[in-house]
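One structure below.
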Amino acid sequence: MTRRENVERQEFAEERASLWKLTLGPVTWAVHFAASYSLTAVWCAKLAAPQDDITLLRLIIGAGTIVALVVILLFGLSAWRQWNYTQTGRATHAFGDAENRHEFLGHAATLLCGVSFIGTLYTAIPVLVIGSCT
Amino acid sequence: MPHRREGIEIFARKPTAVVAGAVFAAFGLSACEGPQSAFGATGADAIQLETLFIVMLVGAAILWVAVNGLFFYVTRVHTTSISRRLANGVIIGGGIGLPLVVVTALLVYGLSIMPDQRAEGDGLVVKVTGEKWWWRTEYQPLAGAPVVSANEIRLPTGSRTTFELTSERVIHSFWIPKLGGKMDMFPGRTTVLTLEPVTPGIYRGQCAEFCGESHALMAFKAVVMEPDAFDAWLEAEAAPIQADPQAPGAEIFFGEGCGACHALRGTQANGAVGPDLTHLATRESLAAAALPMNREALAKWVRNPETYKPGVKMPAYDHLSDEELDTLAGWLMELK
């Protein structure tokens with residue numbers, strides 16, 4: 001294997017990884033969403049009467065939300081570094097070479113993490129204002 | 001001369017557009033009043049929903065004006081090239097920041113009033129069963145036996161009444177727009193709705209789920225009363241019939257077998273296929289608000305119900321003479 005092949009292999013390996021990275025923010029949002037709703041459904045169907053206080057459930061979802069937000073933030077920071085905007089100032093990646101692809105995937109992952117952060121926050125807003133299963 | 005032609009065409013179209021706009025506006029405005037409008041709400045729940053609508057409308061208007069205003073600014077007002085800083089400000093501020101703030105505020109507000117819409121009732125329970133195409137009702141006060149009636153809802157002000165809703169055969173939906181939101185009625189299942197009327201008056205309810213050929217004619221009057229007046233009405237409603245069961249009209253009623261389908265408490269008529277008629281004449285409308293409650297309408301209805309409610313189960317009594325129908329209707333009007 002020549003040195004050049006080696007370098008390309010490394011590049012592709014990284015891109016395979018960052019394709020997965022693209023999904024990490026939305027997946028965290030999806031997991032948080034599914035967990036919050038299914039936990040609430042089970043809690044209200046099996047554990048609590050309609051008018052019962054559900055402070056414990058709210059605290060659990062609140063804690064889960066903080067964890068999800070921190071995780072999304074970390075993924076977002078990693079993607080932001082991959083985008084490398086502060087160094088290059090590039091918001092478009094028109095050339096399609098390895099460096100461009102690398103930055104583009106970081107750029108897209110950053111934006112997806114932003115959307116996921118907001119989506120996760122919105123999923124959790126009901127626990128701030130709703131105090132019972134009704 | 002393409003410009004001139006264009007101008008003429010636009011000019012020619014204008015009156016049509018104005019007329020169409022006016023017609024739409026008239027339709028729109030005509031829906032803003034009357035006993036079945038969700039505007040001018042008279043129940044706690046409907047008042048809250050009306051406020052929610054206004055708040056959402058204002059939020060949407062702010063967003064629309066701001067986002068389109070920015071778009072207008074960068075495409076029509078500031079048409080020369082703009083700095084990256086300004087561009088980012090417009091896109092991130094107007095496209096992400098502003099919607100985020102407005103939608104979050106609306107979401108928090110909307111969620112915060114959700115539990116109020118599902119508040120528990122204060123005691124009085126009204127069971128309503130959707131039939132094709134009328135409403136079977138049963139009042140269950142805290143004290144006293146259940147009272148069976150039909151095709152009208154009476155409610156006291158100042159307390160929250162619970163509705164236990166179900167249906168006989170198809171899905172219906174129970175809705176009194178002036179008082180609150182709607183709730184579907186399913187065969188074999190009970191759904192619960194609570195309403196808290198504020199202002200006495202006579203409003204209109206309507207089946208809000210298509211349920212067959214007479215769906216549009218499946219309505220009812222919702223009479224909101226002061227608590228004392230309501231208690232007096234319920235007491236009267238619980239009593240057996242007040243009309244003379246030996247009168248000529250009663251003879252026609254029993255002779256024609258009306259009692260096989262309709263109940264008159266205090267007589268041998270105990271049918272449950274059709275609406276209970278014990279206090280028929282106290283109701284504000286006939287045939288689930290398809291007709292007014294008067295002698296003429298009653299006679300016409302009995303002669304041929306199909307005319308006024310296609311698909312109705314009640315057969316026509318067109319073999320009765322005008323005189324007999326009038327006598328029967330006159331006696332029915334005594335069922336107070």
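If you're wondering about the labels, chains in the structure tokens are A, B, ... by order shown, residues count from 1 in each chain, ligands from 1 in order shown.
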For the contact check between chain A and chain B, emit one row per residue of chain A within 7 Å, containing the shortest atom pair and the distance in Å rounded to one decimal, counting only C-alpha atoms, chain then rising number order, as a Markdown table.
```
| residue | atom | partner | partner_atom | distance |
| --- | --- | --- | --- | --- |
| A:Ile125 | CA | B:Val108 | CA | 6.9 |
| A:Pro126 | CA | B:Leu111 | CA | 6.4 |
| A:Val129 | CA | B:Ser112 | CA | 5.3 |
| A:Ile130 | CA | B:Ser112 | CA | 6.8 |
| A:Thr134 | CA | B:Pro115 | CA | 6.2 |
```
Find the spatial neighbours of segment 53-60 of chain B, counting only C-alpha atoms, within a cut-off of 10 Å - ignore same-chain residues fewer than 3 positions away - and output them as a list in words.
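The contact residues come out as Phe39, Ile47, Gln48, Leu49, Glu50, Leu63, Trp64, Val65, Ala66, Pro99, Val102, Val103, Ala105, Leu106, Leu107, Tyr109 and Gly110 of chain B.
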Write out as a PyMOL selection string all residues of segment 42-234 of chain B that backbone DSSP assigns to alpha helix (DSSP H).
chain B and resi 44-72+84-88+98-113+227-234
Need to verify the contact set: segment 34-50 of chain A, 12 Å, only C-alpha atoms, exclusion of same-chain residues closer than 3 positions in sequence. Can you return it as a PyMOL selection string?
(chain A and resi 27-31+53-65+68+120-127+130-134) or (chain B and resi 115+118-120)
May I have the residues from that selection written out with C-alpha atoms, as a PDB file, in the first residue's frame?
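Output contents, as saved in out-v4.pdb:
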```pdb
ATOM      1  CA  VAL A  27     -30.818  10.447  17.262  1.00  0.00           C
ATOM      2  CA  THR A  28     -30.301  11.890  20.741  1.00  0.00           C
ATOM      3  CA  TRP A  29     -33.378  14.060  20.219  1.00  0.00           C
ATOM      4  CA  ALA A  30     -35.373  11.030  19.010  1.00  0.00           C
ATOM      5  CA  VAL A  31     -34.280   8.877  21.953  1.00  0.00           C
ATOM      6  CA  ASP A  53     -49.130  14.886  41.529  1.00  0.00           C
ATOM      7  CA  ILE A  54     -46.429  13.776  39.076  1.00  0.00           C
ATOM      8  CA  THR A  55     -43.471  15.766  40.394  1.00  0.00           C
ATOM      9  CA  LEU A  56     -41.199  12.695  40.374  1.00  0.00           C
ATOM     10  CA  LEU A  57     -41.955  12.007  36.709  1.00  0.00           C
ATOM     11  CA  ARG A  58     -41.293  15.657  35.891  1.00  0.00           C
ATOM     12  CA  LEU A  59     -37.957  15.539  37.714  1.00  0.00           C
ATOM     13  CA  ILE A  60     -36.934  12.355  35.889  1.00  0.00           C
ATOM     14  CA  ILE A  61     -37.795  13.859  32.502  1.00  0.00           C
ATOM     15  CA  GLY A  62     -36.100  17.117  33.519  1.00  0.00           C
ATOM     16  CA  ALA A  63     -32.891  15.261  34.415  1.00  0.00           C
ATOM     17  CA  GLY A  64     -33.087  13.236  31.186  1.00  0.00           C
ATOM     18  CA  THR A  65     -33.509  16.471  29.275  1.00  0.00           C
ATOM     19  CA  ALA A  68     -29.749  14.915  26.356  1.00  0.00           C
ATOM     20  CA  THR A 120     -35.377  18.463  22.724  1.00  0.00           C
ATOM     21  CA  LEU A 121     -36.143  21.656  24.647  1.00  0.00           C
ATOM     22  CA  TYR A 122     -39.632  21.809  23.078  1.00  0.00           C
ATOM     23  CA  THR A 123     -40.265  18.165  23.911  1.00  0.00           C
ATOM     24  CA  ALA A 124     -39.534  18.951  27.541  1.00  0.00           C
ATOM     25  CA  ILE A 125     -41.528  22.193  27.919  1.00  0.00           C
ATOM     26  CA  PRO A 126     -44.736  20.358  29.014  1.00  0.00           C
ATOM     27  CA  VAL A 127     -43.061  19.148  32.224  1.00  0.00           C
ATOM     28  CA  ILE A 130     -48.281  20.342  33.411  1.00  0.00           C
ATOM     29  CA  GLY A 131     -48.616  19.001  36.934  1.00  0.00           C
ATOM     30  CA  SER A 132     -50.864  15.958  36.550  1.00  0.00           C
ATOM     31  CA  CYS A 133     -51.817  13.262  34.050  1.00  0.00           C
ATOM     32  CA  THR A 134     -55.000  15.069  32.973  1.00  0.00           C
TER      33      THR A 134
ATOM     34  CA  PRO B 115     -55.063  21.230  32.145  1.00  0.00           C
ATOM     35  CA  ARG B 118     -59.755  18.944  31.380  1.00  0.00           C
ATOM     36  CA  ALA B 119     -60.735  20.160  34.832  1.00  0.00           C
ATOM     37  CA  GLU B 120     -62.912  17.845  36.919  1.00  0.00           C
TER      38      GLU B 120
END
```
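Close contacts of Val125 of chain B, defined as residues with an atom at most 9 Å away when counting only C-alpha atoms, with chain neighbours fewer than 6 positions off set aside, comprise Glu138, Tyr139, Gln140, Pro141, Leu142, Thr161, Thr162, Phe163 and Glu164 of chain B.
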Same residues, N, CA, C and O atoms, output as a PDB file, in the first residue's frame:
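After the write, part.pdb holds the following:
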```pdb
ATOM      1  N   GLU B 138     -79.370  11.860  30.040  1.00  0.00           N
ATOM      2  CA  GLU B 138     -79.729  11.398  31.382  1.00  0.00           C
ATOM      3  C   GLU B 138     -78.974  12.238  32.394  1.00  0.00           C
ATOM      4  O   GLU B 138     -77.740  12.253  32.389  1.00  0.00           O
ATOM      5  N   TYR B 139     -79.706  12.976  33.206  1.00  0.00           N
ATOM      6  CA  TYR B 139     -79.080  13.844  34.216  1.00  0.00           C
ATOM      7  C   TYR B 139     -78.906  13.057  35.501  1.00  0.00           C
ATOM      8  O   TYR B 139     -79.840  12.425  35.977  1.00  0.00           O
ATOM      9  N   GLN B 140     -77.696  13.116  36.046  1.00  0.00           N
ATOM     10  CA  GLN B 140     -77.432  12.422  37.303  1.00  0.00           C
ATOM     11  C   GLN B 140     -76.957  13.439  38.335  1.00  0.00           C
ATOM     12  O   GLN B 140     -75.759  13.706  38.452  1.00  0.00           O
ATOM     13  N   PRO B 141     -77.918  14.020  39.075  1.00  0.00           N
ATOM     14  CA  PRO B 141     -77.523  15.001  40.089  1.00  0.00           C
ATOM     15  C   PRO B 141     -76.858  14.300  41.270  1.00  0.00           C
ATOM     16  O   PRO B 141     -76.972  13.080  41.418  1.00  0.00           O
ATOM     17  N   LEU B 142     -76.146  15.081  42.107  1.00  0.00           N
ATOM     18  CA  LEU B 142     -75.481  14.512  43.283  1.00  0.00           C
ATOM     19  C   LEU B 142     -76.487  13.802  44.175  1.00  0.00           C
ATOM     20  O   LEU B 142     -76.230  12.729  44.692  1.00  0.00           O
ATOM     21  N   THR B 161     -70.073  21.094  34.878  1.00  0.00           N
ATOM     22  CA  THR B 161     -70.861  19.880  34.654  1.00  0.00           C
ATOM     23  C   THR B 161     -70.036  18.874  33.863  1.00  0.00           C
ATOM     24  O   THR B 161     -69.321  19.238  32.926  1.00  0.00           O
ATOM     25  N   THR B 162     -70.161  17.606  34.265  1.00  0.00           N
ATOM     26  CA  THR B 162     -69.439  16.541  33.560  1.00  0.00           C
ATOM     27  C   THR B 162     -70.355  15.880  32.536  1.00  0.00           C
ATOM     28  O   THR B 162     -71.496  15.532  32.864  1.00  0.00           O
ATOM     29  N   PHE B 163     -69.877  15.719  31.323  1.00  0.00           N
ATOM     30  CA  PHE B 163     -70.628  14.980  30.305  1.00  0.00           C
ATOM     31  C   PHE B 163     -69.953  13.638  30.084  1.00  0.00           C
ATOM     32  O   PHE B 163     -68.753  13.585  29.812  1.00  0.00           O
ATOM     33  N   GLU B 164     -70.742  12.569  30.228  1.00  0.00           N
ATOM     34  CA  GLU B 164     -70.233  11.248  29.881  1.00  0.00           C
ATOM     35  C   GLU B 164     -70.865  10.884  28.548  1.00  0.00           C
ATOM     36  O   GLU B 164     -72.070  10.695  28.445  1.00  0.00           O
TER      37      GLU B 164
END
```
A straight line from atom CA of Leu77 of chain A to atom CA of Glu99 of chain A spans 18.5 Å
